[in-house]
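Coordinates as given in coords_13.cif (mmCIF, C-alpha atoms):
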```
data_final
loop_
_atom_site.label_atom_id
_atom_site.label_comp_id
_atom_site.auth_asym_id
_atom_site.auth_seq_id
_atom_site.Cartn_x
_atom_site.Cartn_y
_atom_site.Cartn_z
CA MET T 23 71.51 26.42 80.45
CA ALA T 24 71.19 23.30 82.62
CA TYR T 25 68.36 22.10 80.40
CA LEU T 26 70.44 22.53 77.24
CA ASN T 27 73.41 20.77 78.85
CA ASN T 28 71.11 17.91 79.78
CA GLN T 29 69.85 17.67 76.19
CA ILE T 30 73.39 17.65 74.86
CA ASN T 31 74.26 14.86 77.29
CA LEU T 32 71.22 12.89 76.12
CA PHE T 33 72.34 13.39 72.54
CA LYS T 34 75.78 12.03 73.41
CA LYS T 35 74.22 9.18 75.36
CA SER T 36 72.21 8.12 72.31
CA PHE T 37 75.48 7.21 70.59
CA LYS T 38 76.74 5.18 73.56
CA LEU T 39 74.67 2.18 72.63
CA ASP T 40 75.20 -1.49 72.13
CA LYS T 41 76.42 -1.77 68.55
CA LYS T 42 74.88 -5.23 68.28
CA ARG T 43 71.43 -3.89 69.14
CA PHE T 44 71.88 -0.92 66.81
CA LEU T 45 72.88 -3.16 63.92
CA SER T 46 69.98 -5.47 64.72
CA VAL T 47 67.53 -2.59 64.38
CA ILE T 48 69.07 -1.61 61.04
CA PHE T 49 68.89 -5.25 59.93
CA PHE T 50 65.20 -5.54 60.88
CA ASP T 51 64.46 -2.32 59.00
CA PHE T 52 66.22 -3.59 55.89
CA ILE T 53 64.39 -6.93 56.06
CA PHE T 54 61.03 -5.20 56.47
CA ILE T 55 61.73 -2.94 53.51
CA LEU T 56 62.87 -5.92 51.43
CA VAL T 57 59.83 -8.01 52.35
CA SER T 58 57.52 -5.08 51.62
CA TYR T 59 59.20 -4.47 48.28
CA ILE T 60 58.86 -8.13 47.29
CA ALA T 61 55.18 -8.13 48.27
CA LEU T 62 54.51 -4.94 46.30
CA PHE T 63 56.50 -6.26 43.34
CA LEU T 64 54.59 -9.56 43.24
CA CYS T 65 51.28 -7.75 43.57
CA GLY T 66 52.26 -5.39 40.77
CA MET T 67 53.32 -8.30 38.55
CA TRP T 68 49.99 -10.03 39.10
CA LEU T 69 48.06 -6.86 38.32
CA ASN T 70 50.06 -6.26 35.13
CA SER T 71 49.58 -9.86 34.07
CA SER T 72 45.85 -9.72 34.74
CA ALA T 73 45.50 -6.36 33.02
CA SER T 74 47.25 -7.65 29.90
CA LYS T 75 44.70 -10.47 29.65
CA ILE T 76 41.75 -8.09 29.48
CA SER T 77 43.38 -5.41 27.35
CA GLY T 78 41.60 -4.80 24.08
CA LEU T 79 38.24 -6.10 25.27
CA ASP T 80 35.33 -5.06 23.09
CA LEU T 81 32.13 -4.71 25.10
CA THR T 82 30.27 -2.54 22.59
CA THR T 83 28.37 -5.44 21.08
CA LEU T 84 26.21 -7.77 23.12
CA THR T 85 27.53 -11.11 21.96
CA GLU T 86 28.38 -14.29 23.78
CA ASN T 87 32.03 -13.33 23.54
CA ALA T 88 31.30 -9.90 24.99
CA VAL T 89 29.49 -11.48 27.93
CA ASN T 90 32.53 -13.66 28.61
CA GLU T 91 34.76 -10.61 28.36
CA LEU T 92 32.54 -8.74 30.81
CA ALA T 93 32.84 -11.64 33.25
CA ALA T 94 36.63 -11.53 32.84
CA LEU T 95 36.58 -7.79 33.54
CA LYS T 96 34.54 -8.30 36.71
CA SER T 97 36.92 -11.03 37.78
CA PHE T 98 39.83 -8.64 37.23
CA TYR T 99 38.27 -5.96 39.43
CA TYR T 100 37.50 -8.48 42.16
CA GLY T 101 41.08 -9.67 41.87
CA ILE T 102 42.35 -6.12 42.37
CA LEU T 103 40.20 -5.78 45.48
CA VAL T 104 41.32 -9.10 46.97
CA CYS T 105 44.97 -8.53 46.07
CA SER T 106 44.95 -5.05 47.60
CA LEU T 107 43.25 -6.30 50.75
CA LEU T 108 45.71 -9.18 51.16
CA LEU T 109 48.62 -6.81 50.54
CA ILE T 110 47.40 -4.38 53.20
CA ILE T 111 46.90 -7.19 55.72
CA PHE T 112 50.32 -8.65 54.95
CA LEU T 113 52.07 -5.29 55.28
CA PHE T 114 50.21 -4.61 58.53
CA PHE T 115 51.37 -7.92 60.01
CA ALA T 116 54.89 -7.42 58.68
CA TRP T 117 55.06 -3.89 60.11
CA SER T 118 53.80 -5.08 63.49
CA PHE T 119 56.19 -8.04 63.54
CA PHE T 120 59.33 -6.11 62.68
CA GLN T 121 58.46 -3.05 64.74
CA GLY T 122 57.80 -5.34 67.68
CA PHE T 123 61.23 -6.88 67.27
CA ILE T 124 62.82 -3.46 66.89
CA TRP T 125 61.34 -1.91 70.02
CA ASN T 126 62.00 -4.99 72.10
CA THR T 127 65.60 -4.84 70.91
CA ILE T 128 65.93 -1.14 71.72
CA LEU T 129 64.40 -1.46 75.18
CA LYS T 130 66.06 -4.81 75.96
CA LYS T 131 62.79 -6.70 76.23
CA LYS T 132 61.80 -10.14 74.99
CA PHE T 133 59.57 -10.45 71.95
CA ASN T 134 56.94 -13.18 72.40
CA LEU T 135 53.56 -14.22 71.05
CA ASP T 136 51.59 -12.49 73.80
CA TYR T 137 53.38 -9.22 73.09
CA PHE T 138 52.86 -9.61 69.35
CA LYS T 139 49.10 -10.20 69.68
CA LYS T 140 48.70 -7.11 71.84
CA PHE T 141 51.00 -5.15 69.57
CA LEU T 142 48.72 -5.97 66.63
CA LEU T 143 45.78 -4.55 68.58
CA LEU T 144 47.86 -1.51 69.49
CA ASN T 145 48.66 -0.88 65.83
CA LEU T 146 44.99 -1.20 64.94
CA ALA T 147 44.23 1.42 67.58
CA CYS T 148 47.02 3.60 66.17
CA ILE T 149 45.56 3.67 62.66
CA PRO T 150 43.12 6.56 63.31
CA LEU T 151 45.87 8.43 65.14
CA SER T 152 48.27 7.86 62.26
CA ILE T 153 45.70 9.17 59.78
CA ILE T 154 45.23 12.31 61.87
CA PHE T 155 48.99 12.86 62.08
CA PHE T 156 49.29 12.26 58.34
CA PHE T 157 46.75 14.96 57.54
CA ILE T 158 48.36 17.38 59.99
CA ALA T 159 51.74 16.68 58.40
CA ALA T 160 50.25 17.20 54.92
CA ILE T 161 48.79 20.55 55.99
CA TRP T 162 52.10 21.50 57.57
CA PHE T 163 53.94 20.55 54.37
CA TRP T 164 51.49 22.63 52.33
CA PHE T 165 52.07 25.57 54.66
CA PHE T 166 55.84 25.32 54.28
CA LYS T 167 55.44 25.07 50.51
CA SER T 168 53.36 28.27 50.60
CA VAL T 169 56.06 29.99 52.64
CA PHE T 170 58.64 28.79 50.13
CA LEU T 171 56.63 30.20 47.22
CA PHE T 172 56.09 33.45 49.10
CA PHE T 173 59.78 34.05 49.72
CA SER T 174 60.64 32.94 46.20
CA ALA T 175 58.31 35.61 44.81
CA THR T 176 59.57 38.45 47.01
CA GLY T 177 62.45 39.30 44.70
CA LEU T 178 64.97 39.11 47.52
CA ASN T 179 68.51 37.95 46.95
CA LYS T 180 68.41 34.26 46.06
CA SER T 181 71.10 33.34 48.58
CA LEU T 182 69.24 35.20 51.33
CA VAL T 183 66.00 33.44 50.44
CA MET T 184 67.69 30.04 50.54
CA PHE T 185 69.25 30.87 53.91
CA ILE T 186 65.90 31.95 55.38
CA LEU T 187 64.19 28.83 54.07
CA LEU T 188 66.97 26.60 55.41
CA VAL T 189 66.62 28.18 58.85
CA LEU T 190 62.84 27.80 58.79
CA PHE T 191 63.16 24.22 57.58
CA THR T 192 65.72 23.26 60.22
CA PHE T 193 64.32 25.08 63.23
CA VAL T 194 60.57 25.10 62.56
CA PHE T 195 59.26 22.84 59.82
CA LEU T 196 61.33 19.69 60.34
CA PRO T 197 61.21 19.64 64.18
CA ILE T 198 57.41 19.82 64.10
CA LEU T 199 57.29 17.14 61.42
CA LEU T 200 59.61 14.92 63.46
CA TYR T 201 57.41 15.48 66.50
CA LEU T 202 54.40 14.19 64.57
CA ILE T 203 56.39 11.23 63.26
CA ASN T 204 57.66 10.27 66.71
CA CYS T 205 54.32 10.30 68.51
CA ILE T 206 53.57 6.72 67.45
CA PRO T 207 57.07 5.49 68.44
CA ILE T 208 56.48 7.03 71.87
CA VAL T 209 53.33 4.91 72.11
CA TYR T 210 55.44 1.90 71.15
CA ILE T 211 57.98 2.73 73.84
CA TYR T 212 55.41 2.84 76.61
CA PHE T 213 53.64 -0.27 75.35
CA THR T 214 56.88 -2.26 75.15
CA LYS T 215 57.71 -1.24 78.71
CA LYS T 216 54.33 -2.03 80.26
CA ASN T 217 52.54 -4.22 77.69
CA LYS T 218 49.32 -2.29 78.35
CA ILE T 219 47.54 -0.63 75.44
CA LEU T 220 45.45 1.99 77.25
CA ASP T 221 48.29 2.98 79.55
CA SER T 222 50.51 3.44 76.50
CA PHE T 223 48.19 6.08 75.07
CA LYS T 224 47.75 7.73 78.45
CA ASN T 225 51.49 7.94 79.08
CA THR T 226 52.07 9.21 75.55
CA PHE T 227 49.46 11.92 76.08
CA ASP T 228 51.10 12.91 79.37
CA VAL T 229 54.46 13.35 77.65
CA ALA T 230 53.79 14.20 74.00
CA VAL T 231 50.90 16.58 74.65
CA LYS T 232 51.09 17.85 78.21
CA LYS T 233 54.86 18.28 78.04
CA ILE T 234 55.14 19.03 74.34
CA HIS T 235 57.49 21.94 75.06
CA LEU T 236 60.07 19.51 76.42
CA LEU T 237 60.18 17.66 73.10
CA TYR T 238 61.09 20.63 70.93
CA VAL T 239 64.82 20.51 71.62
CA PRO T 240 65.07 16.73 71.03
CA CYS T 241 63.17 17.18 67.76
CA LEU T 242 65.43 20.10 66.88
CA ILE T 243 68.49 17.94 67.52
CA MET T 244 67.09 15.24 65.24
CA SER T 245 66.43 17.93 62.66
CA LEU T 246 69.99 19.24 62.88
CA VAL T 247 71.37 15.73 62.46
CA PHE T 248 69.17 15.18 59.41
CA VAL T 249 70.29 18.45 57.83
CA PHE T 250 73.91 17.61 58.63
CA LEU T 251 73.58 14.24 56.90
CA ALA T 252 71.92 15.93 53.93
CA VAL T 253 74.79 18.42 53.68
CA ILE T 254 77.55 15.82 53.84
CA THR T 255 75.90 13.88 51.02
CA ILE T 256 76.14 16.86 48.64
CA PRO T 257 79.58 15.76 47.34
CA PHE T 258 77.94 12.45 46.37
CA ASN T 259 76.28 14.29 43.47
CA ILE T 260 79.31 13.53 41.31
CA LEU T 261 78.52 9.82 41.61
CA PRO T 262 76.06 7.88 39.43
CA VAL T 263 72.40 8.38 40.32
CA TRP T 264 71.89 4.78 41.44
CA LEU T 265 74.86 5.03 43.81
CA ILE T 266 73.60 8.32 45.24
CA SER T 267 70.17 6.77 45.79
CA LEU T 268 71.69 3.73 47.48
CA ALA T 269 73.91 5.82 49.77
CA SER T 270 71.00 8.10 50.67
CA PHE T 271 68.79 5.11 51.38
CA VAL T 272 71.37 3.51 53.68
CA LEU T 273 71.94 6.78 55.52
CA LEU T 274 68.20 7.26 55.93
CA VAL T 275 67.80 3.78 57.44
CA VAL T 276 70.72 4.37 59.80
CA TYR T 277 69.28 7.76 60.74
CA ALA T 278 65.86 6.23 61.41
CA ALA T 279 67.46 3.60 63.64
CA TRP T 280 69.37 6.24 65.60
CA THR T 281 66.28 8.44 66.09
CA ARG T 282 64.48 5.54 67.78
CA PHE T 283 67.33 4.98 70.21
CA TYR T 284 67.52 8.71 70.81
CA ILE T 285 63.80 9.18 71.45
CA ALA T 286 63.91 6.20 73.84
CA VAL T 287 66.70 7.92 75.78
CA VAL T 288 64.73 11.18 75.83
CA ILE T 289 61.56 9.49 77.10
CA ALA T 290 63.53 7.64 79.78
CA GLU T 291 64.96 10.95 80.97
CA LEU T 292 61.53 12.58 81.05
CA GLU T 293 60.27 9.66 83.11
CA ARG T 294 63.15 10.06 85.52
CA ILE T 295 62.63 13.79 85.95
CA HIS T 296 58.85 13.73 86.15
CA HIS T 297 58.53 10.34 87.87
CA LYS T 298 56.56 8.70 85.09
CA ILE T 299 56.10 4.92 85.24
#
```
Would you mind writing the file out in structure tokens?
Amino acid sequence: MAYLNNQINLFKKSFKLDKKRFLSVIFFDFIFILVSYIALFLCGMWLNSSASKISGLDLTTLTENAVNELAALKSFYYGILVCSLLLIIFLFFAWSFFQGFIWNTILKKKFNLDYFKKFLLLNLACIPLSIIFFFIAAIWFWFFKSVFLFFSATGLNKSLVMFILLVLFTFVFLPILLYLINCIPIVYIYFTKKNKILDSFKNTFDVAVKKIHLLYVPCLIMSLVFVFLAVITIPFNILPVWLISLASFVLLVVYAAWTRFYIAVVIAELERIHHKI
């Protein structure tokens, strides 16, 4: 009971935050999304423009014109490769820059060039870890989909099936998914506090793996908040689709900002209890 009371207090504490910092995190998220969208849009425009120039090429006959067309086709493919590579590099730098600002804002630290350079290296080191988590999440999603199909085919009462699936989604599927999603932010938390890459992974392992059982309730709370937000948006269905999408997007960004403050509070409490850092 004491543990649950402590978790409830942490949940309440996550809302007692500096509104300026909270709004700053939301602002950085919006800017990152906007910048990413513009980059993707420009890249897409270039690809469409380049593709239109080579559409209708006839390479069936070996003529001088066909040779020129083949050269144009090769140039197009090289362009795709270069454009994709530049886009990935740009998004990587943008992600690192804005995430660095966000976590320094959350933890009341100062963002500087030295931090940013190390944060870039940290994100490079996190790529294999992110890929592993992505595949685990994909497998977990496939498993939940299989469970959904299983219950749907049982012939049980539809309302009962939906209730069972909602319970499984809220108390099992989503908490585990949120745990996987928040492993990298935990690395960011420890790195921002100590500015040491290896120690960040070590501390994350000590908390996220060795004490994984202590993270279930926080992940469950985040899951319950997500489901609550999803439920309160149901009345929005009477609105135009674009307005529903916009409202859902804004709520999702706000939710993502809150989860980072909340997980920071949780990690700080775990450090206090278990004398970490």
Could you please determine the separation between CA of Leu144 in chain T and CA of Tyr277 in chain T in Å, to one decimal place?
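Atom-to-atom, CA of Leu144 in chain T to CA of Tyr277 in chain T, that is 24.9 Å.
In this comparison, which uses only C-alpha atoms, the residue of T:Leu178, T:Leu196, T:Ile208, T:Ile254 approaching Tyr238 in chain T most closely is T:Leu196.
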For Phe258 in chain T, find every residue with an atom within 10 Å (counting all atoms listed in the file), except residues of its own chain fewer than 6 positions away, and show them as a short mmCIF file (atom, residue, chain, number, x, y, z; two decimals) with C-alpha atoms, keeping the file's coordinate frame.
```cif
data_model
loop_
_atom_site.label_atom_id
_atom_site.label_comp_id
_atom_site.auth_asym_id
_atom_site.auth_seq_id
_atom_site.Cartn_x
_atom_site.Cartn_y
_atom_site.Cartn_z
CA LEU T 265 74.86 5.03 43.81
CA ILE T 266 73.60 8.32 45.24
CA SER T 267 70.17 6.77 45.79
CA ALA T 269 73.91 5.82 49.77
CA SER T 270 71.00 8.10 50.67
#
```
Which of these, T:Leu251, T:Leu109, T:Ile161, T:Ile260, has the shortest distance to Tyr59 in chain T once you count all atoms listed in the file?
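That would be T:Leu109, the residue with the smallest distance to Tyr59 in chain T.
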I'd like the neighbourhood of Thr226 in chain T as an MDAnalysis selection string, where a residue qualifies if any of its atoms comes within 10 Å (using all atoms listed in the file), though same-chain residues fewer than 5 positions away should be ignored.
chainID T and resid 205:213 220:221 231:233 289
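Between CA of Lys38 in chain T and CA of Phe248 in chain T the interatomic distance comes to 18.9 Å.
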Leaving out Ile198 in chain T and any residue of its chain fewer than 3 positions from it, which residues lie within 12 Å of it when counting all atoms listed in the file, given as a PyMOL selection string?
chain T and resi 155+158-163+166+190-195+201-205+230+234-235+237-245
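Compared by their closest atoms to Glu291 in chain T, and using only C-alpha atoms, the residues T:Leu32, T:Ala175, T:Ala73, T:Cys65 rank with T:Leu32 nearest.
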Of the candidates T:Ala279, T:Val263, T:Asn145, T:Leu113, which one gets nearest to Ile60 in chain T if we count only C-alpha atoms?
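Looking at the shortest contact to Ile60 in chain T, the residue is T:Leu113.
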